[in-house]
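Dropping input-v4.tsv in here (TSV, C-alpha atoms and all ligand atoms):
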chain	number	residue	atom	x	y	z
A	53	MET	CA	74.86	112.27	74.60
A	54	GLY	CA	73.26	112.40	71.19
A	55	GLY	CA	71.20	115.31	69.94
A	56	SER	CA	67.96	116.24	71.53
A	57	PHE	CA	64.96	114.24	70.45
A	58	GLU	CA	61.27	114.96	70.31
A	59	PRO	CA	59.28	112.15	71.87
A	60	PRO	CA	55.75	111.48	70.62
A	61	LEU	CA	53.78	113.42	73.20
A	62	ARG	CA	50.21	112.69	72.24
A	63	VAL	CA	48.49	109.51	71.16
A	64	GLN	CA	47.30	109.70	67.57
A	65	ARG	CA	45.23	107.51	65.31
A	66	CYS	CA	45.96	107.18	61.62
A	67	VAL	CA	42.74	108.10	59.81
A	68	GLU	CA	44.14	107.98	56.24
A	69	PRO	CA	46.95	105.47	55.75
A	70	GLY	CA	49.34	105.43	52.82
A	71	GLU	CA	50.89	108.50	51.16
A	72	GLY	CA	50.29	111.73	53.04
A	73	LYS	CA	48.98	110.06	56.16
A	74	VAL	CA	46.38	111.96	58.14
A	75	TRP	CA	46.44	111.64	61.91
A	76	ALA	CA	43.75	112.39	64.44
A	77	LEU	CA	44.69	113.32	67.96
A	78	ILE	CA	43.15	111.14	70.62
A	79	ILE	CA	41.60	113.18	73.43
A	80	ASP	CA	42.17	111.07	76.51
A	81	LEU	CA	39.95	112.12	79.40
A	82	ARG	CA	40.00	108.76	81.20
A	83	SER	CA	42.34	109.93	83.92
A	84	ASP	CA	45.06	112.44	84.73
A	85	THR	CA	47.45	109.47	84.89
A	86	VAL	CA	47.61	109.27	81.08
A	87	THR	CA	49.97	112.23	80.55
A	88	ARG	CA	53.25	111.57	78.76
A	89	PRO	CA	56.44	113.01	80.22
A	90	THR	CA	57.37	116.29	78.55
A	91	SER	CA	60.64	116.82	76.69
A	92	VAL	CA	61.93	118.85	79.65
A	93	MET	CA	61.11	115.97	81.97
A	94	ARG	CA	62.78	113.39	79.72
A	95	GLN	CA	65.85	115.57	79.48
A	96	ALA	CA	65.99	115.83	83.29
A	97	MET	CA	65.66	112.04	83.53
A	98	ALA	CA	68.46	111.52	81.00
A	99	VAL	CA	70.97	113.59	82.95
A	100	ALA	CA	69.88	112.65	86.51
A	101	GLU	CA	72.60	111.80	88.99
A	102	VAL	CA	71.85	108.35	90.43
A	103	GLY	CA	73.00	105.75	92.94
A	104	ASP	CA	71.56	102.70	94.68
A	105	ASP	CA	68.65	104.10	96.65
A	106	VAL	CA	68.25	100.99	98.82
A	107	TYR	CA	71.73	101.88	100.12
A	108	GLY	CA	70.52	105.49	100.47
A	109	GLU	CA	72.92	106.57	97.75
A	110	ASP	CA	70.69	108.19	95.16
A	111	PRO	CA	71.07	111.97	95.46
A	112	THR	CA	68.15	112.74	93.11
A	113	VAL	CA	65.75	110.57	95.10
A	114	ARG	CA	66.88	112.30	98.29
A	115	GLN	CA	66.34	115.66	96.69
A	116	LEU	CA	62.83	114.69	95.58
A	117	GLU	CA	61.94	113.31	99.00
A	118	GLN	CA	63.09	116.49	100.72
A	119	ARG	CA	61.41	118.76	98.20
A	120	ALA	CA	58.07	116.92	98.53
A	121	ALA	CA	58.37	116.95	102.33
A	122	ASP	CA	59.04	120.71	102.31
A	123	LEU	CA	56.01	121.34	100.09
A	124	ALA	CA	53.85	119.16	102.36
A	125	GLY	CA	55.21	120.84	105.50
A	126	LYS	CA	56.63	117.57	106.86
A	127	GLU	CA	60.12	116.59	108.04
A	128	ALA	CA	60.83	113.76	105.64
A	129	GLY	CA	59.64	111.98	102.52
A	130	LEU	CA	59.73	108.48	101.01
A	131	PHE	CA	59.61	107.91	97.25
A	132	VAL	CA	57.26	105.04	96.41
A	133	PRO	CA	56.32	103.60	93.00
A	134	SER	CA	52.60	104.40	93.30
A	135	GLY	CA	49.91	106.12	95.33
A	136	THR	CA	48.58	102.70	96.23
A	137	MET	CA	51.90	101.79	97.83
A	138	GLY	CA	51.98	105.17	99.60
A	139	ASN	CA	48.65	104.43	101.25
A	140	LEU	CA	49.56	100.81	101.97
A	141	VAL	CA	52.90	101.67	103.57
A	142	ALA	CA	51.19	104.41	105.61
A	143	ALA	CA	48.63	101.88	106.89
A	144	MET	CA	51.38	99.34	107.67
A	145	THR	CA	53.39	101.95	109.53
A	146	HIS	CA	50.55	103.47	111.56
A	147	LEU	CA	48.74	100.23	112.46
A	148	HIS	CA	49.19	96.87	114.07
A	149	PRO	CA	47.31	93.98	112.48
A	150	GLY	CA	43.70	94.02	113.64
A	151	ASP	CA	43.59	97.79	114.22
A	152	GLU	CA	40.76	99.73	112.63
A	153	LEU	CA	41.26	102.07	109.69
A	154	PHE	CA	38.49	104.67	109.32
A	155	ALA	CA	37.92	106.21	105.91
A	156	GLU	CA	35.07	107.44	103.79
A	157	ALA	CA	33.27	104.47	102.23
A	158	GLU	CA	34.30	105.34	98.66
A	159	ALA	CA	37.79	106.57	99.48
A	160	HIS	CA	40.47	105.20	97.18
A	161	ILE	CA	42.18	103.36	100.05
A	162	LEU	CA	39.01	101.28	100.58
A	163	TYR	CA	37.47	101.28	97.11
A	164	TYR	CA	40.29	100.98	94.59
A	165	GLU	CA	43.19	99.20	96.27
A	166	GLN	CA	42.00	95.59	96.31
A	167	GLY	CA	41.58	95.78	100.06
A	168	GLY	CA	45.36	95.96	100.40
A	169	CYS	CA	45.03	97.70	103.75
A	170	ALA	CA	43.27	94.57	105.05
A	171	ARG	CA	45.15	91.99	103.05
A	172	LEU	CA	48.67	93.32	103.45
A	173	ALA	CA	48.57	95.72	106.41
A	174	GLY	CA	46.14	93.57	108.41
A	175	ALA	CA	43.91	96.57	109.05
A	176	MET	CA	40.22	96.23	109.77
A	177	PRO	CA	38.55	98.65	107.32
A	178	HIS	CA	35.82	100.76	108.89
A	179	PRO	CA	33.99	102.68	106.14
A	180	ILE	CA	32.23	105.92	107.07
A	181	ARG	CA	29.34	106.87	104.79
A	182	GLY	CA	30.13	110.45	103.77
A	183	GLN	CA	28.66	113.30	101.76
A	184	ALA	CA	30.60	114.14	98.61
A	185	GLY	CA	33.55	112.23	100.04
A	186	ARG	CA	33.59	114.25	103.25
A	187	PHE	CA	32.61	113.41	106.82
A	188	SER	CA	32.76	115.33	110.07
A	189	GLY	CA	34.44	115.01	113.44
A	190	ALA	CA	31.03	114.10	114.85
A	191	ASP	CA	30.70	111.29	112.26
A	192	LEU	CA	34.06	109.94	113.34
A	193	ARG	CA	33.17	110.15	117.04
A	194	ARG	CA	30.00	108.18	116.32
A	195	GLU	CA	31.94	105.40	114.58
A	196	VAL	CA	34.81	104.95	117.04
A	197	ARG	CA	33.91	102.52	119.80
A	198	PRO	CA	35.33	102.53	123.33
A	199	ALA	CA	38.09	100.22	124.49
A	200	ASP	CA	36.52	96.82	124.99
A	201	LEU	CA	37.76	93.25	124.75
A	202	HIS	CA	35.31	92.60	121.88
A	203	PHE	CA	36.32	95.46	119.62
A	204	PRO	CA	39.32	96.03	117.39
A	205	ARG	CA	41.59	98.88	118.46
A	206	PRO	CA	40.80	102.11	116.60
A	207	GLY	CA	44.06	103.06	114.92
A	208	LEU	CA	43.95	105.42	111.97
A	209	VAL	CA	41.67	107.79	110.12
A	210	ALA	CA	42.37	108.61	106.46
A	211	ILE	CA	40.98	111.57	104.51
A	212	GLU	CA	41.16	111.96	100.74
A	213	ASN	CA	41.67	115.46	99.32
A	214	THR	CA	40.59	115.85	96.58
A	215	HIS	CA	38.16	112.95	96.73
A	216	ASN	CA	38.25	110.91	93.55
A	217	ARG	CA	34.93	109.00	93.50
A	218	SER	CA	32.92	112.12	94.26
A	219	GLY	CA	34.34	113.92	91.23
A	220	GLY	CA	37.32	115.69	92.77
A	221	GLU	CA	35.56	117.26	95.75
A	222	VAL	CA	37.71	119.40	98.00
A	223	TRP	CA	37.99	119.36	101.79
A	224	THR	CA	38.60	122.81	103.26
A	225	GLU	CA	41.02	123.32	106.13
A	226	ALA	CA	38.09	123.84	108.51
A	227	GLU	CA	36.58	120.51	107.47
A	228	THR	CA	39.81	118.54	107.87
A	229	ASN	CA	40.56	120.31	111.17
A	230	ASP	CA	37.20	119.22	112.53
A	231	VAL	CA	38.11	115.57	111.84
A	232	LEU	CA	41.70	116.04	113.03
A	233	THR	CA	40.49	117.45	116.36
A	234	ALA	CA	38.21	114.45	116.87
A	235	ALA	CA	40.99	112.05	115.81
A	236	HIS	CA	43.46	113.57	118.26
A	237	GLU	CA	40.93	113.36	121.12
A	238	LEU	CA	40.25	109.73	120.22
A	239	GLY	CA	43.95	108.91	120.01
A	240	LEU	CA	43.87	108.02	116.32
A	241	ALA	CA	46.74	108.52	113.91
A	242	THR	CA	45.86	110.55	110.81
A	243	HIS	CA	46.72	110.03	107.15
A	244	LEU	CA	45.96	112.31	104.21
A	245	ASP	CA	45.60	110.63	100.82
A	246	GLY	CA	46.72	113.68	98.90
A	247	ALA	CA	47.03	112.03	95.50
A	248	ARG	CA	45.56	115.31	94.22
A	249	LEU	CA	46.51	117.55	97.13
A	250	PHE	CA	47.86	120.22	94.79
A	251	ASN	CA	44.52	120.29	92.97
A	252	ALA	CA	42.83	120.98	96.29
A	253	ALA	CA	45.40	123.65	97.15
A	254	THR	CA	44.94	125.28	93.74
A	255	ALA	CA	41.15	125.27	94.04
A	256	LEU	CA	41.23	126.79	97.52
A	257	GLY	CA	44.13	129.17	96.94
A	258	VAL	CA	46.09	127.82	99.91
A	259	SER	CA	49.35	125.87	100.15
A	260	ALA	CA	49.59	122.08	100.14
A	261	ALA	CA	51.36	122.38	103.51
A	262	GLN	CA	48.36	124.17	105.00
A	263	LEU	CA	46.04	121.39	103.85
A	264	ALA	CA	48.41	118.72	105.19
A	265	SER	CA	48.98	120.51	108.48
A	266	GLY	CA	48.10	118.39	111.53
A	267	PHE	CA	48.24	115.06	109.66
A	268	ASP	CA	50.78	112.47	110.77
A	269	SER	CA	51.33	111.43	107.16
A	270	VAL	CA	50.43	112.56	103.68
A	271	SER	CA	50.93	110.86	100.34
A	272	ILE	CA	51.19	112.88	97.13
A	273	CYS	CA	50.96	111.48	93.59
A	274	LEU	CA	53.48	112.79	91.10
A	275	SER	CA	51.90	110.82	88.26
A	276	LYS	CA	48.43	112.38	88.31
A	277	GLY	CA	47.91	116.00	87.32
A	278	LEU	CA	51.54	116.91	87.95
A	279	GLY	CA	52.55	114.89	84.91
A	280	ALA	CA	55.35	112.57	86.06
A	281	PRO	CA	55.39	109.07	84.54
A	282	VAL	CA	55.77	107.25	87.88
A	283	GLY	CA	55.67	107.76	91.59
A	284	SER	CA	54.30	109.16	94.79
A	285	VAL	CA	55.94	110.55	97.89
A	286	LEU	CA	54.80	109.61	101.39
A	287	CYS	CA	55.68	112.37	103.87
A	288	GLY	CA	55.72	112.56	107.66
A	289	SER	CA	58.03	112.89	110.64
A	290	ARG	CA	61.59	111.62	110.38
A	291	ASP	CA	60.76	108.76	112.74
A	292	PHE	CA	57.62	107.78	110.81
A	293	ILE	CA	59.43	107.81	107.47
A	294	GLY	CA	62.25	105.72	108.93
A	295	ARG	CA	59.75	103.04	109.87
A	296	ALA	CA	57.87	103.46	106.56
A	297	ARG	CA	61.14	102.84	104.68
A	298	ARG	CA	61.33	99.37	106.24
A	299	ASN	CA	57.72	98.67	105.23
A	300	ARG	CA	58.33	99.86	101.69
A	301	LYS	CA	61.14	97.31	101.43
A	302	VAL	CA	59.00	94.38	102.60
A	303	VAL	CA	56.37	95.08	99.92
A	304	GLY	CA	59.06	95.22	97.24
A	305	GLY	CA	59.18	98.98	96.86
A	306	GLY	CA	62.92	99.42	97.42
A	307	MET	CA	64.21	100.79	94.12
A	308	ARG	CA	67.78	101.08	92.97
A	309	GLN	CA	68.89	103.84	90.54
A	310	ALA	CA	65.48	105.46	90.94
A	311	GLY	CA	66.95	108.91	90.42
A	312	VAL	CA	65.92	108.74	86.77
A	313	LEU	CA	62.32	108.58	88.00
A	314	ALA	CA	62.83	111.06	90.82
A	315	ALA	CA	64.17	113.57	88.29
A	316	ALA	CA	60.81	113.44	86.52
A	317	GLY	CA	59.12	113.87	89.90
A	318	LEU	CA	61.19	116.98	90.65
A	319	ALA	CA	60.26	118.43	87.27
A	320	ALA	CA	56.60	117.62	88.03
A	321	LEU	CA	56.76	119.42	91.38
A	322	SER	CA	58.36	122.50	89.87
A	323	ASP	CA	56.45	122.73	86.56
A	324	GLY	CA	53.32	120.64	87.07
A	325	VAL	CA	51.61	122.62	89.81
A	326	ALA	CA	51.13	125.77	87.74
A	327	GLY	CA	49.17	123.87	85.08
A	328	LEU	CA	46.49	122.67	87.47
A	329	ALA	CA	44.54	125.94	87.27
A	330	ASP	CA	44.20	125.37	83.50
A	331	ASP	CA	42.98	121.82	84.13
A	332	HIS	CA	40.33	123.16	86.51
A	333	ARG	CA	39.25	125.79	83.98
A	334	HIS	CA	38.99	123.14	81.27
A	335	ALA	CA	36.92	120.89	83.53
A	336	ALA	CA	34.60	123.80	84.32
A	337	GLN	CA	34.18	124.45	80.58
A	338	LEU	CA	33.37	120.78	80.00
A	339	ALA	CA	30.88	120.77	82.87
A	340	GLU	CA	29.13	123.87	81.60
A	341	GLY	CA	28.95	122.64	78.00
A	342	LEU	CA	27.77	119.15	78.92
A	343	ALA	CA	25.12	120.44	81.31
A	344	ALA	CA	23.39	122.10	78.36
A	345	LEU	CA	22.98	118.82	76.43
A	346	PRO	CA	19.85	116.64	76.55
A	347	GLY	CA	20.04	113.26	78.28
A	348	LEU	CA	23.11	114.25	80.31
A	349	GLN	CA	23.23	115.33	83.92
A	350	VAL	CA	26.43	116.85	85.23
A	351	ALA	CA	26.92	115.98	88.90
A	352	ALA	CA	27.19	119.18	90.92
A	353	VAL	CA	30.33	119.84	92.92
A	354	ARG	CA	30.98	122.56	95.45
A	355	GLU	CA	34.41	123.35	94.02
A	356	ARG	CA	35.35	122.28	90.51
A	357	THR	CA	38.80	120.70	90.27
A	358	ASN	CA	39.92	118.55	87.33
A	359	MET	CA	37.04	116.08	87.09
A	360	VAL	CA	33.53	116.01	85.73
A	361	MET	CA	31.06	113.25	86.55
A	362	VAL	CA	28.26	112.94	84.03
A	363	ASP	CA	25.15	110.82	84.48
A	364	VAL	CA	23.77	109.49	81.22
A	365	ASP	CA	20.38	107.97	80.40
A	366	ALA	CA	21.85	105.38	78.02
A	367	PRO	CA	24.25	102.76	79.38
A	368	ALA	CA	27.63	104.34	80.17
A	369	GLY	CA	29.40	101.51	78.32
A	370	LEU	CA	27.64	102.48	75.12
A	371	TRP	CA	28.69	106.09	75.55
A	372	VAL	CA	32.29	105.02	76.13
A	373	ALA	CA	32.29	103.01	72.89
A	374	GLN	CA	30.66	105.74	70.81
A	375	LEU	CA	32.99	108.40	72.17
A	376	LYS	CA	35.97	106.19	71.49
A	377	ALA	CA	34.91	105.83	67.86
A	378	ALA	CA	35.14	109.64	67.73
A	379	ASP	CA	38.64	109.65	69.31
A	380	VAL	CA	37.45	110.79	72.74
A	381	LEU	CA	38.29	108.47	75.63
A	382	VAL	CA	36.41	108.58	78.94
A	383	ASN	CA	35.80	106.08	81.75
A	384	ALA	CA	32.52	104.63	82.95
A	385	VAL	CA	32.63	104.68	86.76
A	386	SER	CA	29.19	103.13	87.26
A	387	PRO	CA	26.47	101.77	84.94
A	388	HIS	CA	25.16	105.25	84.05
A	389	ARG	CA	28.01	107.52	85.04
A	390	LEU	CA	30.95	108.77	82.97
A	391	ARG	CA	34.06	110.41	84.38
A	392	LEU	CA	36.06	113.00	82.47
A	393	VAL	CA	39.41	114.13	83.85
A	394	THR	CA	41.43	117.05	82.51
A	395	HIS	CA	45.23	117.19	82.63
A	396	LEU	CA	48.36	118.59	80.96
A	397	ASP	CA	47.64	116.85	77.67
A	398	VAL	CA	44.13	118.27	77.29
A	399	SER	CA	44.08	121.64	75.54
A	400	GLY	CA	41.43	124.31	75.04
A	401	PRO	CA	40.71	123.08	71.47
A	402	ASP	CA	40.41	119.52	72.85
A	403	VAL	CA	37.70	120.73	75.21
A	404	GLU	CA	35.82	122.31	72.32
A	405	LYS	CA	36.14	119.20	70.17
A	406	THR	CA	34.96	117.02	73.06
A	407	LEU	CA	31.87	119.16	73.50
A	408	THR	CA	31.12	118.96	69.77
A	409	VAL	CA	31.39	115.16	69.85
A	410	PHE	CA	29.17	114.95	72.93
A	411	ALA	CA	26.57	117.23	71.35
A	412	LYS	CA	26.35	115.02	68.26
A	413	LEU	CA	26.11	111.83	70.32
A	414	ALA	CA	23.57	113.30	72.75
A	415	GLU	CA	21.22	113.69	69.83
A	416	GLU	CA	21.82	110.11	68.64
A	417	ALA	CA	21.66	108.69	72.16
A	418	THR	CA	17.93	109.25	72.39
A	419	ARG	CA	17.64	106.44	69.78
A	420	TRP	CA	20.03	104.02	71.55
A	421	SER	CA	18.13	101.35	73.41
B	1	LIG	C1	45.27	107.40	91.91
B	1	LIG	C2	45.00	107.47	93.35
B	1	LIG	C3	45.73	106.72	94.26
B	1	LIG	C4	46.70	105.63	93.84
B	1	LIG	O1	47.65	106.01	92.97
B	1	LIG	P1	48.33	104.93	91.97
B	1	LIG	O2	49.60	105.60	91.66
B	1	LIG	O3	47.40	104.81	90.82
B	1	LIG	O4	48.50	103.66	92.71
B	1	LIG	C5	45.48	106.89	95.59
B	1	LIG	N1	44.55	107.76	96.01
B	1	LIG	C6	43.82	108.49	95.17
B	1	LIG	C7	42.82	109.45	95.71
B	1	LIG	C8	44.02	108.37	93.80
B	1	LIG	O5	43.27	109.08	92.97

Using the file provided, produce a representation of the structure as structure tokens.
Ligand SMILES: *Cc1c(COP(=O)(O)O)cnc(C)c1O
Amino acid sequence: MGGSFEPPLRVQRCVEPGEGKVWALIIDLRSDTVTRPTSVMRQAMAVAEVGDDVYGEDPTVRQLEQRAADLAGKEAGLFVPSGTMGNLVAAMTHLHPGDELFAEAEAHILYYEQGGCARLAGAMPHPIRGQAGRFSGADLRREVRPADLHFPRPGLVAIENTHNRSGGEVWTEAETNDVLTAAHELGLATHLDGARLFNAATALGVSAAQLASGFDSVSICLSKGLGAPVGSVLCGSRDFIGRARRNRKVVGGGMRQAGVLAAAGLAALSDGVAGLADDHRHAAQLAEGLAALPGLQVAAVRERTNMVMVDVDAPAGLWVAQLKAADVLVNAVSPHRLRLVTHLDVSGPDVEKTLTVFAKLAEEATRWS
């Protein structure tokens, strides 16, 4: 191997071209998916031991799958290219076509996955209108209908912790247990969309395994706050994962020398979790600073994780464009709502600069029409 190299870790914009270029750092708060793999991660990828994983011969993938399963408190794991595929393969494995899938109305599996659960798993989506992304066992009991020739078979309930659309809201163990108890009585399988399960665990001061306890399956994103470039792990019983492995193959998720990616995932699981507390602190600082500005309303959350939802008087699209011109990137998630997400590549000084930019624009925004 050649010498070590320093990859460009942050996106920059050239503000003064020519001799003695001046660069501005871009502060990217659009999502926690935007992180670049660290040098440590890239080094681990470069030296990863690999094999053909479709033949079950990639030792690094196996190691990642087992490590994720151990952390989630499950028997086995399955490395998948994305969280979307983790949810899809879970739905395919738990359900027969026509079976009902219960989830909160704005859960990622229903809201952001092109209806893949219906289109590709054949599930009948059954949205439950929740509060801050959460619903109760009683809500579930109300929605599940009895066995009848006219009705689809109730098959699966999915919970999302933390819940993305509500601004990273956390489900406590008591809240998930309430739904799990109802699900077990009703004979439903249970899936946890734990794309940000470690954020929830960090916020509550409990283990990921505790929060996943009682679920038949859980999917964890490595490429969100944990900082890996690619991948999720779907975890469950050995039997479930065996069947899920077949379903992953039919949707084209069988990967070959995927150990180079799994190595990044292992680094994310060992180094990425500790950084989440900083992300939550940074998000809390953003929320506090933004709440003090005119024309902005920070959506309240019970437990701050790594997101801040901000309602703006002016059109969100206008805010996005003005912020971008000041090297701050955020997403508009509805016509008057911005979403800011903190992650490994957002530092304390970035938070301060973001607040300064917002303060300046908040003053100007009163004149935007
Ligand atoms: C991002 C996300 C997913 C999907 O992950 P991708 O890797 O982007 O496909 C699933 N569920 C939740 C809650 C997410 O935030």

Give the residue list for ligand LIG 1 (chain B) at 6 Å, counting all atoms listed in the file, as a PyMOL selection string, sorted by chain and then by residue number. chain A and resi 134-136+160+212+215-216+245+247

Dump of C-alpha atoms for the selected residues, as a PDB file, keeping the file's coordinate frame:
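Wrote out_9.pdb, looks like this:
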ATOM      1  CA  SER A 134      52.600 104.400  93.300  1.00  0.00           C
ATOM      2  CA  GLY A 135      49.910 106.120  95.330  1.00  0.00           C
ATOM      3  CA  THR A 136      48.580 102.700  96.230  1.00  0.00           C
ATOM      4  CA  HIS A 160      40.470 105.200  97.180  1.00  0.00           C
ATOM      5  CA  GLU A 212      41.160 111.960 100.740  1.00  0.00           C
ATOM      6  CA  HIS A 215      38.160 112.950  96.730  1.00  0.00           C
ATOM      7  CA  ASN A 216      38.250 110.910  93.550  1.00  0.00           C
ATOM      8  CA  ASP A 245      45.600 110.630 100.820  1.00  0.00           C
ATOM      9  CA  ALA A 247      47.030 112.030  95.500  1.00  0.00           C
TER      10      ALA A 247
END

Excluding same-chain residues fewer than 3 positions from Val86 in chain A, what lies within 12 Å of it counting only C-alpha atoms, as a ChimeraX atom specification? /A:61-63,78-83,89,275-282,381-382,393-398

Which polymer residues have any atom within 10 Å of an atom of Ser386 in chain A, counting only C-alpha atoms, with same-chain residues fewer than 2 positions away left out, as a PyMOL selection string? chain A and resi 363+367-369+383-384+388-391

Report as a PyMOL selection string all protein, DNA and RNA residues lying within 6 Å of range 90-99 of chain A, evaluated on all atoms listed in the file, omitting residues in the same chain fewer than 3 positions from it. chain A and resi 312+315-316+319

Using only C-alpha atoms, please write the residues we just selected to a file, as a PDB file, keeping the file's coordinate frame.
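File produced: result_21.pdb:
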ATOM      1  CA  VAL A 312      65.920 108.740  86.770  1.00  0.00           C
ATOM      2  CA  ALA A 315      64.170 113.570  88.290  1.00  0.00           C
ATOM      3  CA  ALA A 316      60.810 113.440  86.520  1.00  0.00           C
ATOM      4  CA  ALA A 319      60.260 118.430  87.270  1.00  0.00           C
TER       5      ALA A 319
END

Using only C-alpha atoms, which residue out of A:Gln115, A:Ala142, A:Ile272, A:Val362 lies closest to Glu340 in chain A? A:Val362

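With distances taken over all atoms listed in the file, A:Glu225 is the one residue among A:Glu225, A:Gln64, A:Val141, A:Met176 lying closest to Gly257 in chain A.
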
Of the candidates A:Ala310, A:Ala76, A:Val196, A:Cys273, which one gets nearest to Arg114 in chain A if we count only C-alpha atoms?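 Among A:Ala310, A:Ala76, A:Val196, A:Cys273, it is A:Ala310 that comes nearest to Arg114 in chain A.
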
Using all atoms listed in the file for the distances, tell me which of A:Leu140, A:Val350, A:Cys287, A:Val409 is nearest to Ala264 in chain A.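 Under the stated criterion, the closest residue is A:Cys287.
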
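Here CA of Asp291 in chain A and CA of His178 in chain A stand 26.5 Å from one another.
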
Using all atoms listed in the file, find the one residue out of A:Ala175, A:Phe410, A:Val360, A:Ser399 that sits nearest to Leu375 in chain A. A:Phe410

Excluding Ser188 in chain A and any residue of its chain fewer than 5 positions from it, enumerate the residues within 10 Å of it, using all atoms listed in the file, and give them as a list in words.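 Once the nearby chain positions are removed, what remains is Ile180, Gly182, Gln183, Arg193, Arg194, Glu227, Thr228, Asn229, Asp230, Val231, Leu232 and Ala234 of chain A.
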
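A straight line drawn from CA of Lys376 in chain A to CA of Cys66 in chain A is 14.1 Å long.
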
Give me, as number ranges by chain, all polymer residues having an atom no more than 12 Å from Pro346 in chain A, counting all atoms listed in the file and skipping those fewer than 3 positions away in the same chain. A: 341-343, 349-350, 362-366, 410-418

A:Lys73, A:Arg356, A:Arg205, A:Arg333 ranked by distance to Leu153 in chain A, top pick (using all atoms listed in the file):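 Among the listed residues, the smallest separation from Leu153 in chain A belongs to A:Arg205.
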
In Å to one decimal, how far is CA of Glu156 in chain A from CA of Trp223 in chain A?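 We find that CA of Trp223 in chain A and CA of Glu156 in chain A lie 12.4 Å from each other.
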
Mind writing range 236-248 of chain A to a file for me, with N, CA, C and O atoms, as an mmCIF file, in the first residue's frame?
data_model
loop_
_atom_site.group_PDB
_atom_site.id
_atom_site.type_symbol
_atom_site.label_atom_id
_atom_site.label_comp_id
_atom_site.auth_asym_id
_atom_site.auth_seq_id
_atom_site.Cartn_x
_atom_site.Cartn_y
_atom_site.Cartn_z
ATOM 1 N N HIS A 236 -48.757 -8.547 20.380
ATOM 2 C CA HIS A 236 -48.645 -9.973 20.683
ATOM 3 C C HIS A 236 -50.031 -10.571 20.916
ATOM 4 O O HIS A 236 -50.335 -11.658 20.421
ATOM 5 N N GLU A 237 -50.891 -9.844 21.627
ATOM 6 C CA GLU A 237 -52.265 -10.333 21.857
ATOM 7 C C GLU A 237 -53.016 -10.491 20.541
ATOM 8 O O GLU A 237 -53.815 -11.400 20.377
ATOM 9 N N LEU A 238 -52.737 -9.566 19.600
ATOM 10 C CA LEU A 238 -53.455 -9.578 18.324
ATOM 11 C C LEU A 238 -52.813 -10.517 17.305
ATOM 12 O O LEU A 238 -53.294 -10.663 16.185
ATOM 13 N N GLY A 239 -51.697 -11.112 17.682
ATOM 14 C CA GLY A 239 -51.012 -12.039 16.786
ATOM 15 C C GLY A 239 -50.251 -11.380 15.663
ATOM 16 O O GLY A 239 -50.025 -11.983 14.607
ATOM 17 N N LEU A 240 -49.859 -10.107 15.870
ATOM 18 C CA LEU A 240 -49.098 -9.403 14.836
ATOM 19 C C LEU A 240 -47.601 -9.597 15.034
ATOM 20 O O LEU A 240 -47.114 -9.646 16.167
ATOM 21 N N ALA A 241 -46.869 -9.643 13.934
ATOM 22 C CA ALA A 241 -45.409 -9.572 14.007
ATOM 23 C C ALA A 241 -45.035 -8.109 14.254
ATOM 24 O O ALA A 241 -45.844 -7.204 14.012
ATOM 25 N N THR A 242 -43.813 -7.883 14.743
ATOM 26 C CA THR A 242 -43.405 -6.529 15.118
ATOM 27 C C THR A 242 -42.044 -6.191 14.512
ATOM 28 O O THR A 242 -41.106 -6.980 14.562
ATOM 29 N N HIS A 243 -41.970 -4.990 13.940
ATOM 30 C CA HIS A 243 -40.715 -4.520 13.335
ATOM 31 C C HIS A 243 -40.381 -3.148 13.904
ATOM 32 O O HIS A 243 -41.262 -2.288 14.018
ATOM 33 N N LEU A 244 -39.117 -2.951 14.224
ATOM 34 C CA LEU A 244 -38.640 -1.647 14.700
ATOM 35 C C LEU A 244 -37.773 -1.020 13.619
ATOM 36 O O LEU A 244 -36.728 -1.574 13.257
ATOM 37 N N ASP A 245 -38.233 0.112 13.074
ATOM 38 C CA ASP A 245 -37.386 0.882 12.163
ATOM 39 C C ASP A 245 -36.475 1.719 13.057
ATOM 40 O O ASP A 245 -36.837 2.808 13.491
ATOM 41 N N GLY A 246 -35.303 1.154 13.308
ATOM 42 C CA GLY A 246 -34.342 1.806 14.203
ATOM 43 C C GLY A 246 -33.233 2.478 13.422
ATOM 44 O O GLY A 246 -32.067 2.372 13.783
ATOM 45 N N ALA A 247 -33.612 3.158 12.330
ATOM 46 C CA ALA A 247 -32.600 3.891 11.554
ATOM 47 C C ALA A 247 -31.743 4.725 12.511
ATOM 48 O O ALA A 247 -30.524 4.795 12.369
ATOM 49 N N ARG A 248 -32.410 5.335 13.487
ATOM 50 C CA ARG A 248 -31.698 6.144 14.495
ATOM 51 C C ARG A 248 -31.903 5.564 15.885
ATOM 52 O O ARG A 248 -32.087 6.303 16.855
#
